[in-house]
Each structure stands twice: as C-alpha cells, then as structure tokens.
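Asker: File name input-v2.cif; file contents mmCIF, C-alpha atoms; full text below.
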```
data_entry
#
loop_
_atom_site.label_atom_id
_atom_site.label_comp_id
_atom_site.auth_asym_id
_atom_site.auth_seq_id
_atom_site.Cartn_x
_atom_site.Cartn_y
_atom_site.Cartn_z
CA MET Q 965 5.50 6.74 48.43
CA ALA Q 966 9.06 5.77 47.63
CA TYR Q 967 12.02 7.24 49.44
CA SER Q 968 14.89 8.58 47.38
CA ASP Q 969 18.21 6.72 47.42
CA LYS Q 970 19.77 9.51 49.48
CA VAL Q 971 17.08 9.25 52.15
CA ILE Q 972 17.56 5.48 52.29
CA ASP Q 973 21.33 5.89 52.51
CA HIS Q 974 21.08 8.33 55.44
CA TYR Q 975 18.44 6.16 57.07
CA ASN Q 976 20.51 2.99 56.83
CA ASN Q 977 23.82 4.69 57.64
CA PRO Q 978 22.94 7.73 59.68
CA ARG Q 979 25.92 10.04 60.20
CA ASN Q 980 26.80 11.44 63.59
CA VAL Q 981 24.22 9.71 65.75
CA GLY Q 982 24.83 10.29 69.42
CA ALA Q 983 25.06 12.87 72.14
CA LEU Q 984 27.37 15.63 73.30
CA ASP Q 985 27.69 16.85 76.87
CA LYS Q 986 24.67 19.07 77.28
CA SER Q 987 26.13 20.95 80.21
CA SER Q 988 29.33 21.96 78.42
CA GLU Q 989 29.77 25.65 77.67
CA THR Q 990 30.86 24.93 74.12
CA VAL Q 991 27.87 22.69 73.31
CA GLY Q 992 24.55 23.92 71.97
CA THR Q 993 21.50 21.64 72.12
CA GLY Q 994 18.38 21.96 70.02
CA LEU Q 995 15.35 19.84 70.81
CA VAL Q 996 12.41 20.23 68.45
CA GLY Q 997 9.30 18.26 67.62
CA ALA Q 998 6.76 18.00 64.85
CA PRO Q 999 3.33 17.79 66.43
CA GLU Q 1000 1.83 16.79 63.07
CA CYS Q 1001 3.53 13.41 63.07
CA GLY Q 1002 4.95 13.07 66.58
CA ASP Q 1003 8.58 13.18 65.51
CA VAL Q 1004 11.17 14.47 67.94
CA MET Q 1005 14.68 15.52 67.02
CA ARG Q 1006 17.72 16.48 69.09
CA LEU Q 1007 20.66 18.15 67.38
CA GLN Q 1008 23.81 19.18 69.22
CA ILE Q 1009 26.84 21.14 68.12
CA ARG Q 1010 30.25 21.72 69.70
CA VAL Q 1011 31.58 25.12 68.79
CA ASN Q 1012 35.20 26.24 68.91
CA PRO Q 1013 35.11 29.36 71.12
CA GLU Q 1014 37.99 31.00 69.24
CA THR Q 1015 36.86 30.52 65.66
CA GLN Q 1016 33.10 29.92 66.17
CA VAL Q 1017 33.51 26.92 63.90
CA ILE Q 1018 31.21 23.95 64.55
CA GLU Q 1019 33.70 21.15 65.10
CA GLU Q 1020 31.34 18.39 66.02
CA ALA Q 1021 27.65 17.72 65.51
CA LYS Q 1022 25.49 14.89 66.81
CA PHE Q 1023 21.83 14.04 66.46
CA LYS Q 1024 19.24 11.65 67.74
CA THR Q 1025 15.87 11.54 66.01
CA PHE Q 1026 12.79 9.50 66.71
CA GLY Q 1027 10.62 9.60 63.64
CA CYS Q 1028 10.20 8.62 60.04
CA GLY Q 1029 12.98 7.95 57.55
CA SER Q 1030 12.81 11.47 56.13
CA ALA Q 1031 13.18 13.02 59.57
CA ILE Q 1032 16.20 10.84 60.34
CA ALA Q 1033 17.75 11.57 56.92
CA SER Q 1034 17.10 15.33 57.27
CA SER Q 1035 18.80 15.52 60.65
CA SER Q 1036 21.65 13.24 59.57
CA LEU Q 1037 22.29 15.50 56.59
CA ALA Q 1038 22.00 18.59 58.78
CA THR Q 1039 24.80 17.39 61.07
CA GLU Q 1040 27.00 16.68 58.04
CA TRP Q 1041 26.38 20.13 56.65
CA VAL Q 1042 26.93 22.16 59.82
CA LYS Q 1043 30.25 20.48 60.60
CA GLY Q 1044 33.15 22.70 59.60
CA LYS Q 1045 30.91 25.74 59.14
CA THR Q 1046 30.97 28.77 61.38
CA VAL Q 1047 27.87 29.46 63.43
CA SER Q 1048 26.72 32.20 61.08
CA GLU Q 1049 27.37 30.06 58.01
CA ALA Q 1050 25.32 27.25 59.53
CA LEU Q 1051 22.40 29.65 59.99
CA GLU Q 1052 22.36 30.06 56.21
CA ILE Q 1053 21.22 26.45 55.74
CA LYS Q 1054 17.62 26.45 54.58
CA ASN Q 1055 15.13 23.64 54.72
CA THR Q 1056 14.71 23.97 50.95
CA ASP Q 1057 18.38 22.97 50.54
CA ILE Q 1058 17.63 19.79 52.48
CA VAL Q 1059 14.49 19.14 50.41
CA ARG Q 1060 16.51 19.45 47.22
CA GLU Q 1061 19.42 17.30 48.40
CA LEU Q 1062 17.17 14.48 49.66
CA ALA Q 1063 14.47 14.89 46.98
CA LEU Q 1064 11.79 14.96 49.68
CA PRO Q 1065 8.17 14.77 48.47
CA PRO Q 1066 5.75 17.55 49.50
CA VAL Q 1067 4.26 15.58 52.43
CA LYS Q 1068 7.74 15.25 53.95
CA ILE Q 1069 8.82 18.86 53.65
CA HIS Q 1070 8.01 19.41 57.32
CA CYS Q 1071 10.83 16.98 58.19
CA SER Q 1072 13.30 19.36 56.58
CA VAL Q 1073 11.68 22.31 58.36
CA LEU Q 1074 12.21 20.43 61.60
CA ALA Q 1075 15.91 19.91 60.81
CA GLU Q 1076 16.34 23.61 60.05
CA ASP Q 1077 14.55 24.45 63.32
CA ALA Q 1078 16.86 22.04 65.15
CA ILE Q 1079 19.98 23.76 63.77
CA ARG Q 1080 18.60 27.15 64.80
CA ALA Q 1081 17.62 25.89 68.23
CA ALA Q 1082 21.07 24.37 68.83
CA ILE Q 1083 22.82 27.55 67.74
CA GLY Q 1084 20.36 29.61 69.79
CA ASP Q 1085 21.17 27.53 72.87
CA TRP Q 1086 24.91 27.92 72.30
CA LYS Q 1087 24.52 31.68 71.85
CA LYS Q 1088 22.50 31.96 75.02
CA LYS Q 1089 25.14 30.05 76.98
CA ASN Q 1090 27.88 32.26 75.59
CA GLY Q 1091 26.06 35.57 75.71
CA VAL Q 1092 26.05 36.10 71.96
CA GLU Q 1093 23.33 38.34 70.49
CA GLU Q 1094 20.51 36.30 69.02
CA THR Q 1095 19.19 38.69 66.39
CA ALA Q 1096 19.95 36.40 63.45
CA THR Q 1097 17.74 33.51 64.57
CA VAL Q 1098 14.82 35.76 65.51
CA ALA Q 1099 14.84 37.59 62.20
CA ALA Q 1100 14.74 34.35 60.25
CA HIS Q 1101 11.26 33.42 61.42
CA MET W 1318 -27.38 15.47 38.11
CA ASP W 1319 -28.31 18.80 36.62
CA THR W 1320 -31.97 19.04 37.50
CA PRO W 1321 -32.41 22.72 38.31
CA ARG W 1322 -32.82 23.81 41.92
CA THR W 1323 -34.47 27.07 42.76
CA ASN W 1324 -31.76 27.85 45.28
CA GLU W 1325 -29.48 26.26 47.85
CA SER W 1326 -32.06 25.85 50.57
CA ASN W 1327 -35.26 24.83 48.80
CA CYS W 1328 -36.47 21.46 47.54
CA TRP W 1329 -36.02 21.03 43.79
CA ALA W 1330 -39.43 19.34 43.54
CA CYS W 1331 -41.80 21.15 45.91
CA HIS W 1332 -39.72 24.24 46.82
CA ALA W 1333 -40.19 23.69 50.55
CA SER W 1334 -37.39 25.01 52.76
CA LEU W 1335 -34.55 22.54 53.38
CA ALA W 1336 -33.05 24.41 56.31
CA ALA W 1337 -33.83 21.63 58.78
CA SER W 1338 -33.09 18.72 56.42
CA PRO W 1339 -30.79 19.49 53.47
CA LEU W 1340 -30.47 15.90 52.18
CA LEU W 1341 -34.13 14.98 52.20
CA CYS W 1342 -37.07 17.32 51.71
CA PRO W 1343 -39.05 17.36 54.96
CA HIS W 1344 -42.21 18.20 53.01
CA CYS W 1345 -42.30 15.85 49.99
CA GLY W 1346 -39.57 13.40 51.01
CA LYS W 1347 -37.54 13.79 47.80
CA VAL W 1348 -33.80 13.21 47.95
CA GLN W 1349 -31.72 16.34 47.34
CA PRO W 1350 -28.35 16.96 45.70
CA SER W 1351 -25.71 17.00 48.42
CA ALA W 1352 -22.90 18.98 46.78
CA GLY W 1353 -21.56 21.67 49.08
CA ILE W 1354 -23.32 20.36 52.18
CA ASN W 1355 -21.01 19.94 55.15
CA TYR W 1356 -21.25 17.28 57.87
CA PHE W 1357 -22.92 19.58 60.37
CA GLN W 1358 -25.52 20.59 57.79
CA ALA W 1359 -26.15 16.96 56.87
CA PHE W 1360 -27.25 16.50 60.47
CA ALA W 1361 -29.17 19.77 60.62
CA ALA W 1362 -31.92 18.10 62.69
CA VAL W 1363 -29.34 17.69 65.50
CA THR W 1364 -27.02 20.65 64.92
CA GLY W 1365 -29.48 23.21 63.59
CA GLY W 1366 -27.11 23.33 60.60
CA GLN W 1367 -24.50 25.01 62.82
CA PRO W 1368 -20.95 23.72 63.40
CA LEU W 1369 -21.61 22.72 67.01
CA LEU W 1370 -19.10 20.69 69.01
CA THR W 1371 -21.38 19.65 71.83
CA LEU W 1372 -23.79 17.15 70.31
CA ASP W 1373 -26.43 14.83 71.65
CA LEU W 1374 -24.94 11.50 70.56
CA ALA W 1375 -28.16 9.56 71.01
CA ALA W 1376 -30.02 12.04 68.81
CA LEU W 1377 -27.17 11.90 66.28
CA GLU W 1378 -27.44 8.12 66.08
CA ARG W 1379 -31.22 8.20 65.76
CA GLU W 1380 -31.01 10.76 62.95
CA PHE W 1381 -28.31 8.69 61.24
CA HIS W 1382 -30.51 5.60 61.23
CA ARG W 1383 -33.58 7.55 60.15
CA LEU W 1384 -31.81 9.25 57.24
CA SER W 1385 -29.97 6.05 56.26
CA ARG W 1386 -33.29 4.29 55.81
CA LYS W 1387 -34.88 7.15 53.89
CA LEU W 1388 -31.87 7.81 51.66
CA HIS W 1389 -31.00 4.17 50.97
CA PRO W 1390 -30.29 3.70 47.22
CA ASP W 1391 -32.60 0.64 47.14
CA ARG W 1392 -35.55 2.95 47.72
CA PHE W 1393 -34.68 4.86 44.57
CA ALA W 1394 -34.36 1.89 42.21
CA ARG W 1395 -37.36 3.11 40.23
CA ALA W 1396 -36.69 6.84 40.62
CA SER W 1397 -35.08 9.04 37.99
CA GLU W 1398 -31.42 8.62 37.23
CA GLY W 1399 -30.69 11.93 38.93
CA GLU W 1400 -32.39 10.88 42.14
CA GLN W 1401 -30.59 7.53 42.11
CA ALA W 1402 -27.26 9.31 41.88
CA TRP W 1403 -28.27 11.78 44.62
CA SER W 1404 -29.29 9.01 46.97
CA LEU W 1405 -25.91 7.35 46.48
CA ALA W 1406 -24.07 10.60 47.09
CA ALA W 1407 -26.25 11.53 50.07
CA THR W 1408 -25.75 8.09 51.64
CA ALA W 1409 -21.99 8.34 51.24
CA LEU W 1410 -21.99 11.83 52.74
CA LEU W 1411 -24.20 10.68 55.60
CA ASN W 1412 -21.84 7.81 56.44
CA ASP W 1413 -18.77 10.05 56.38
CA ALA W 1414 -20.56 12.72 58.40
CA TYR W 1415 -21.73 10.26 61.05
CA ARG W 1416 -18.32 8.67 61.41
CA ALA W 1417 -16.69 12.08 61.88
CA LEU W 1418 -19.31 13.68 64.11
CA LYS W 1419 -19.82 10.83 66.56
CA ASP W 1420 -16.21 11.06 67.73
CA PRO W 1421 -15.35 14.27 69.61
CA VAL W 1422 -11.77 14.38 68.33
CA GLN W 1423 -12.67 13.76 64.70
CA ARG W 1424 -15.55 16.23 65.05
CA THR W 1425 -13.10 18.90 66.21
CA GLU W 1426 -10.62 18.03 63.46
CA TYR W 1427 -13.40 18.39 60.92
CA LEU W 1428 -14.41 21.76 62.33
CA LEU W 1429 -10.81 23.00 62.10
CA GLU W 1430 -10.66 21.75 58.52
CA LEU W 1431 -13.86 23.65 57.70
CA LYS W 1432 -12.40 26.77 59.27
CA GLY W 1433 -9.16 26.42 57.35
CA GLN W 1434 -7.07 25.38 60.35
CA GLY W 1435 -6.63 21.79 59.30
CA VAL W 1436 -4.31 19.63 61.38
CA GLY W 1437 -2.48 16.43 60.60
CA GLU W 1438 0.48 15.45 58.49
CA GLN W 1439 -1.18 16.40 55.21
CA ASN W 1440 -1.41 19.99 56.38
CA ALA W 1441 2.07 20.11 57.83
CA GLY W 1442 4.36 22.78 56.49
CA ARG W 1443 1.47 25.02 55.61
CA ASN W 1444 2.09 26.81 58.86
CA LYS W 1445 5.74 27.20 59.72
CA SER W 1446 6.37 24.65 62.43
CA ALA W 1447 7.90 27.24 64.76
CA ASP W 1448 4.51 28.63 65.83
CA ARG W 1449 3.28 25.10 66.45
CA GLN W 1450 6.24 23.86 68.50
CA PRO W 1451 5.15 21.79 71.50
CA PRO W 1452 6.26 23.17 74.87
CA ALA W 1453 9.88 22.46 75.82
CA ASP W 1454 9.05 20.42 78.93
CA LEU W 1455 6.81 18.09 76.93
CA LEU W 1456 9.54 17.67 74.31
CA GLU W 1457 12.03 16.71 77.01
CA GLU W 1458 9.65 14.10 78.36
CA VAL W 1459 8.87 12.78 74.90
CA PHE W 1460 12.53 12.49 74.05
CA GLU W 1461 13.41 10.78 77.33
CA LEU W 1462 10.55 8.32 76.91
CA ASN W 1463 11.66 7.49 73.38
CA MET W 1464 15.16 6.77 74.70
CA GLN W 1465 13.75 4.38 77.29
CA LEU W 1466 11.58 2.70 74.68
CA GLU W 1467 14.57 2.19 72.46
CA GLU W 1468 16.49 0.66 75.33
CA LEU W 1469 13.59 -1.66 76.11
CA ARG W 1470 13.37 -2.82 72.50
CA MET W 1471 17.10 -3.39 72.42
CA ASN W 1472 16.89 -5.48 75.59
CA GLN W 1473 14.02 -7.45 74.13
CA LYS W 1474 16.07 -8.18 71.03
CA MET W 1475 18.92 -9.47 73.17
CA GLY W 1476 16.47 -11.55 75.16
CA GLU W 1477 17.20 -9.59 78.31
CA ASP W 1478 14.72 -8.36 80.82
CA ASP W 1479 15.23 -5.22 82.87
CA PRO W 1480 12.52 -5.01 85.53
CA ALA W 1481 13.53 -1.47 86.53
CA LEU W 1482 13.14 -0.26 82.96
CA THR W 1483 9.78 -1.98 82.60
CA ALA W 1484 8.64 -0.35 85.81
CA ASP W 1485 9.82 3.06 84.54
CA LEU W 1486 7.89 2.61 81.35
CA THR W 1487 4.76 1.44 83.11
CA ARG W 1488 4.95 4.60 85.23
CA ALA W 1489 5.54 6.67 82.10
CA GLN W 1490 2.54 5.10 80.44
CA ALA W 1491 0.31 6.06 83.36
CA HIS W 1492 1.78 9.57 83.32
CA PHE W 1493 1.13 10.07 79.61
CA ASP W 1494 -2.33 8.52 79.89
CA GLY W 1495 -3.02 11.18 82.51
CA LEU W 1496 -1.75 13.94 80.21
CA LEU W 1497 -3.97 12.58 77.46
CA ALA W 1498 -7.01 12.67 79.74
CA GLN W 1499 -6.12 16.28 80.63
CA VAL W 1500 -5.96 17.21 76.94
CA ASP W 1501 -9.37 15.63 76.35
CA SER W 1502 -10.88 17.55 79.21
CA ASP W 1503 -9.28 20.80 77.94
CA LEU W 1504 -10.69 20.05 74.50
CA ALA W 1505 -14.16 19.66 76.01
CA SER W 1506 -13.89 23.06 77.75
CA GLN W 1507 -12.75 24.74 74.54
CA ALA W 1508 -15.59 23.04 72.66
CA ALA W 1509 -18.05 24.58 75.10
CA LEU W 1510 -16.44 28.01 74.52
CA TRP W 1511 -16.69 27.51 70.78
CA ASP W 1512 -20.39 26.67 70.99
CA SER W 1513 -21.42 29.51 73.27
CA GLY W 1514 -18.80 32.25 72.99
CA ASP W 1515 -18.73 35.50 71.01
CA ASP W 1516 -16.58 35.86 67.88
CA THR W 1517 -13.41 36.66 69.83
CA ALA W 1518 -13.88 33.72 72.20
CA ARG W 1519 -14.63 31.44 69.27
CA ALA W 1520 -11.50 32.47 67.40
CA ALA W 1521 -9.43 31.86 70.53
CA ALA W 1522 -11.10 28.49 71.13
CA LEU W 1523 -10.35 27.44 67.55
CA LYS W 1524 -6.68 28.23 68.03
CA SER W 1525 -6.46 26.42 71.36
CA MET W 1526 -8.18 23.39 69.92
CA ALA W 1527 -5.70 23.25 67.04
CA SER W 1528 -2.77 23.18 69.45
CA LEU W 1529 -4.52 20.76 71.83
CA LEU W 1530 -5.06 18.37 68.94
CA ASP W 1531 -1.38 18.62 68.04
CA ARG W 1532 -0.47 17.77 71.62
CA ARG W 1533 -3.02 14.98 71.65
CA ARG W 1534 -1.59 13.36 68.53
CA TYR W 1535 1.86 13.47 70.12
CA LEU W 1536 0.69 11.87 73.34
CA ARG W 1537 -1.50 9.31 71.63
CA ASN W 1538 1.42 8.04 69.50
CA LEU W 1539 3.59 7.81 72.60
CA VAL W 1540 1.03 5.92 74.64
CA ARG W 1541 0.55 3.54 71.72
CA ASP W 1542 4.31 2.97 71.38
CA VAL W 1543 4.72 2.31 75.10
CA LYS W 1544 1.80 -0.11 75.11
CA ASP W 1545 3.19 -1.96 72.09
CA ALA W 1546 6.67 -2.17 73.59
CA LEU W 1547 5.43 -3.40 76.95
CA ALA W 1548 3.16 -5.96 75.32
CA THR W 1549 6.02 -7.49 73.31
CA PRO W 1550 7.54 -10.35 75.30
CA ALA W 1551 11.31 -10.69 75.42
CA LEU W 1552 12.49 -13.18 72.78
#
```
For the structure just supplied, provide its representation as structure tokens.
Answerer:
Amino acid sequence: MAYSDKVIDHYNNPRNVGALDKSSETVGTGLVGAPECGDVMRLQIRVNPETQVIEEAKFKTFGCGSAIASSSLATEWVKGKTVSEALEIKNTDIVRELALPPVKIHCSVLAEDAIRAAIGDWKKKNGVEETATVAAH
Amino acid sequence: MDTPRTNESNCWACHASLAASPLLCPHCGKVQPSAGINYFQAFAAVTGGQPLLTLDLAALEREFHRLSRKLHPDRFARASEGEQAWSLAATALLNDAYRALKDPVQRTEYLLELKGQGVGEQNAGRNKSADRQPPADLLEEVFELNMQLEELRMNQKMGEDDPALTADLTRAQAHFDGLLAQVDSDLASQAALWDSGDDTARAAALKSMASLLDRRRYLRNLVRDVKDALATPAL
C-alpha cells in the first residue's frame, strides 16, 4: 500500500512534535491508543484562558506513518482555533486531507479521539462543562 | 463441484450422517464438499462440531494426521473430477483449521471472527475506537516505555551506552512479560466460561475475550520492541 504524498510529508517533517507542561492549568493532555495496531498518541494543547483559543499544540506518536501524519495534521489544525471550533474537526476531514486508505482510517479516528481527550482534560482542569465531547460519541 | 447433496449433514454418496465427520463420510469414506464448514466443524471428532475453546491438543493433532492421510489429493488421483477438487479444498481447509485451532490465541481470534467480533487491524474502525480504548494506566505505561525505547535507540545510534536505561528497560520487559502472562491466564478463564456458561455468560465472555486480545496485541508488540532494542548492540 502506498502512502499519499501528504502522509509522507507529515511523516518526514512532522509539525509540532514535543511536549507541553502537563501540570499547567492552561494545558490539556490527551493520551489515546489503538489496540488494533498498538499505536499510542499523545496530543497536548495550551489554551488561552481569556479567549479559549488554542495557542499551541504538541504531539508525540508511536505508530505507523498514517498515525504520525494524522496527529501532526491535527496539531496544525487545532492551532488558532477556539476549543469549540477544534471539537468540530472530524476524522473524515483528516482522511480526506491525507487521502488515507480504508485500513488506515482508524489512525484518523485516533487523532480525533486525541483532540477530544486533550480538550476534555483541559475542560476538567478548568471546570468547564463537558457536554460537547460526550454527545459526540 | 455440483454433484447434488441431499442436505448439509448427509453424505452425497451413501446418505450417512456427517455430523461427526463433515469432510469425510464416516460410513463409506467418500470425501465431501467443504464449503460452509468452519474450523470447529472440520474437527468435529474433537469439538463435537461446537465452537469450543478448551481442546485436547493431542486429540486435535491425531485427528489432523488421520484426516490429512485420508483426504490427501494423491488418494483421489483416479476419483471423479469433483472428488479431486473436494479433496484439495478439504485438505486446504484442514490445514488452515489445524493451524488456527492448535494455538489458543488464534483459536479465540477465530471464534470472535465467527461470532462477528473480529479483532485486528483489518477490522479496526468498524467499532468506534472509543469503546475499545485501553485503560489509562496501561496507556501511560506504554507511552513511557516507548519514550525509553526511543532514547535507547538514539543512544545506540550515537554509539553510547546508558547502563541505567538498559536496566530500566530490562525491568520493563519483565513487567510487561508478567502482564502478558496475566492476560493469557485471564483468556483461559474466559475460555472456560465460554465453553460451559449459559447464553448471558457466553456473551460476556466473548466481549471480555475481545478486549483481552486487544490488550494482548498491545503488550506483545511492546515486549517484542523491547527485546529487539535490547538485543541490538551499540554501534
């Protein structure tokens, strides 16, 4: 199976690899895994408390090229969005952008889960209602 | 291939019941068409045709050798074209069935596939991953271990050796080996529940086994990665 050029680009030049301070009030951390293939993905966001805009996003993924590309793209997309805008990102958007084949769709699902988990963690830390993430599943 | 059969469970030639031996008539010894026969049914002499998870491996091996001899395509060189084709198909099915059933993990995976709860990458995305998320503490450990592995590989590339890191990873390997053994023992308990329980218990066992196999795959990959990394000498 051949990877698309976009997957290869994100794989070779992943954006926003790294870590944010997990204990900070303004940072949300999402750690998710795909039991099917053993991938594990950590996505972190730093949210501006005034505007609820995601100012910084970092990820670290252990897994296949599609999983790395999906999470790399996810960090690019959430940056500059408000928390509620970021929740609008769907795995199908990632599939389309990266032209993922059917067997790799779960990588995009994982990235969407990671965004939701990171936002969920931030909301929990800051006492924000979590209705949006629950309803989505 | 279209020689008429009276029904699914009777020999096409002598009409004897095939319940105990679907691939080979126990009465007249004729090879039977194998379409639609599952692995457990192929070994009906051992499983009673039921999808059992607790199997007598010695009996399974004996039955495999017995059927392999009887179904071998060479024995059908002078038989009708239909029988030749059936013996080929039955032999292929028998080999696949034996390979899957002799291993407890593959046997369980096959059962879940039969019951529409297939696991593995090919089935990923069919169930939304959220209901199959591994527990948070395991994820933390997995992530941490992957970080250490990456550090080890980096050190190896630079030709450096960090005894403390190697010791950490050796400990981690033992820890994850232990978790893997625990999963295997949990799988065995669930298998017993599946074989002997009522419908409710069986449904619950099926679900537990699906998630145990997910966890097992996770751990197995990790243990393999740690072993590989530790076995690679620094350059």
Asker: Apply the PyMOL selection byres ((chain Q) within 10 of (chain W)) to the displayed file and report the matching residues as a ChimeraX atom specification.
Answerer: /Q:995-1006,1024-1026,1066-1074,1077,1101
Asker: Pick from W:Leu1547, W:Leu1429, W:Cys1331, W:Leu1469: nearest to W:Ala1522, with only C-alpha atoms counted?
Answerer: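 Closest residue, counting only C-alpha atoms: W:Leu1429.
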Asker: May I ask for the distance between atom CA of Q:Cys1028 and atom CA of W:Gly1476, given in Å to one decimal place?
Answerer: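 Atom-to-atom, atom CA of Q:Cys1028 to atom CA of W:Gly1476, that is 26.0 Å.
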Asker: Please evaluate the PyMOL selection byres ((chain Q and resi 1051) around 8) against the displayed coordinates and give the resulting residues as a ChimeraX atom specification.
Answerer: /Q:1047-1050,1052-1054,1079-1080,1096-1097
Asker: Could you check how far atom CA of Q:Lys1089 sits from atom CA of Q:Lys986, in Å to one decimal?
Answerer: 11.0 Å
Asker: Please identify all polymer residues within 12 Å of W:Ala1396, counting all atoms listed in the file, omitting same-chain residues fewer than 6 positions from it, and present them as an MDAnalysis selection string.
Answerer: chainID W and resid 1347:1348 1390 1402:1404
Asker: Select, from Q:Lys1045, Q:Thr1015, Q:Leu1064, Q:Thr1039, the residue with the minimum atom-to-atom distance to Q:Arg979, counting all atoms listed in the file.
Answerer: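 Of Q:Lys1045, Q:Thr1015, Q:Leu1064, Q:Thr1039, the one nearest Q:Arg979 is Q:Thr1039, counting all atoms listed in the file.
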Asker: Within 12 Å of (-38.2, 19.0, 53.0) in the file's own coordinates, which protein, DNA or RNA residues have an atom, counting all atoms listed in the file? List them as a PyMOL selection string.
Answerer: chain W and resi 1326-1349+1361-1362
Asker: Please evaluate the PyMOL selection byres ((chain W and resi 1407-1421) around 10) against the structure above and give the resulting residues as a VMD selection string.
Answerer: chain W and resid 1339 to 1341 1348 to 1352 1354 to 1360 1369 to 1375 1377 to 1378 1380 to 1382 1384 to 1390 1401 to 1406 1422 to 1428 1501 1504 to 1505 1508
Asker: Rank W:Thr1549, W:Gln1490, W:Glu1430, W:Leu1496 by their smallest atom-to-atom distance to W:Met1526, using all atoms listed in the file, and report the top residue only.
Answerer: W:Glu1430
Asker: Quick one: everything within 8 Å of Q:Leu984, counting all atoms listed in the file, minus sequence neighbours fewer than 3 positions away in the same chain. Send it as number ranges by chain.
Answerer: Q: 991, 1008-1010, 1022
Asker: Near W:Ala1491, within 12 Å and counting all atoms listed in the file, which residues show up once chain neighbours fewer than 2 positions away are dropped, as a PyMOL selection string?
Answerer: chain W and resi 1484-1489+1493-1498+1536+1539-1541+1543-1544
Asker: Between atom CA of W:Gly1353 and atom CA of W:Glu1398, what is the distance in Å, rounded to a tenth?
Answerer: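 Here the two named atoms are 20.2 Å from each other.
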Asker: Find the residues near W:Lys1432: any atom within 10 Å, counting only C-alpha atoms, skip ones fewer than 6 places away on the same chain, and give them as a list in words.
Answerer: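 In the requested format, the answer is Pro1368, Glu1426, Ala1520 and Leu1523 of chain W.
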Asker: Looking at all atoms listed in the file, which of Q:Ser968, Q:Thr993, Q:Ser1030, Q:Asn1012 is the one that sits closest to Q:Lys1088?
Answerer: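 When distances to Q:Lys1088 are compared using all atoms listed in the file, the smallest one comes from Q:Thr993.
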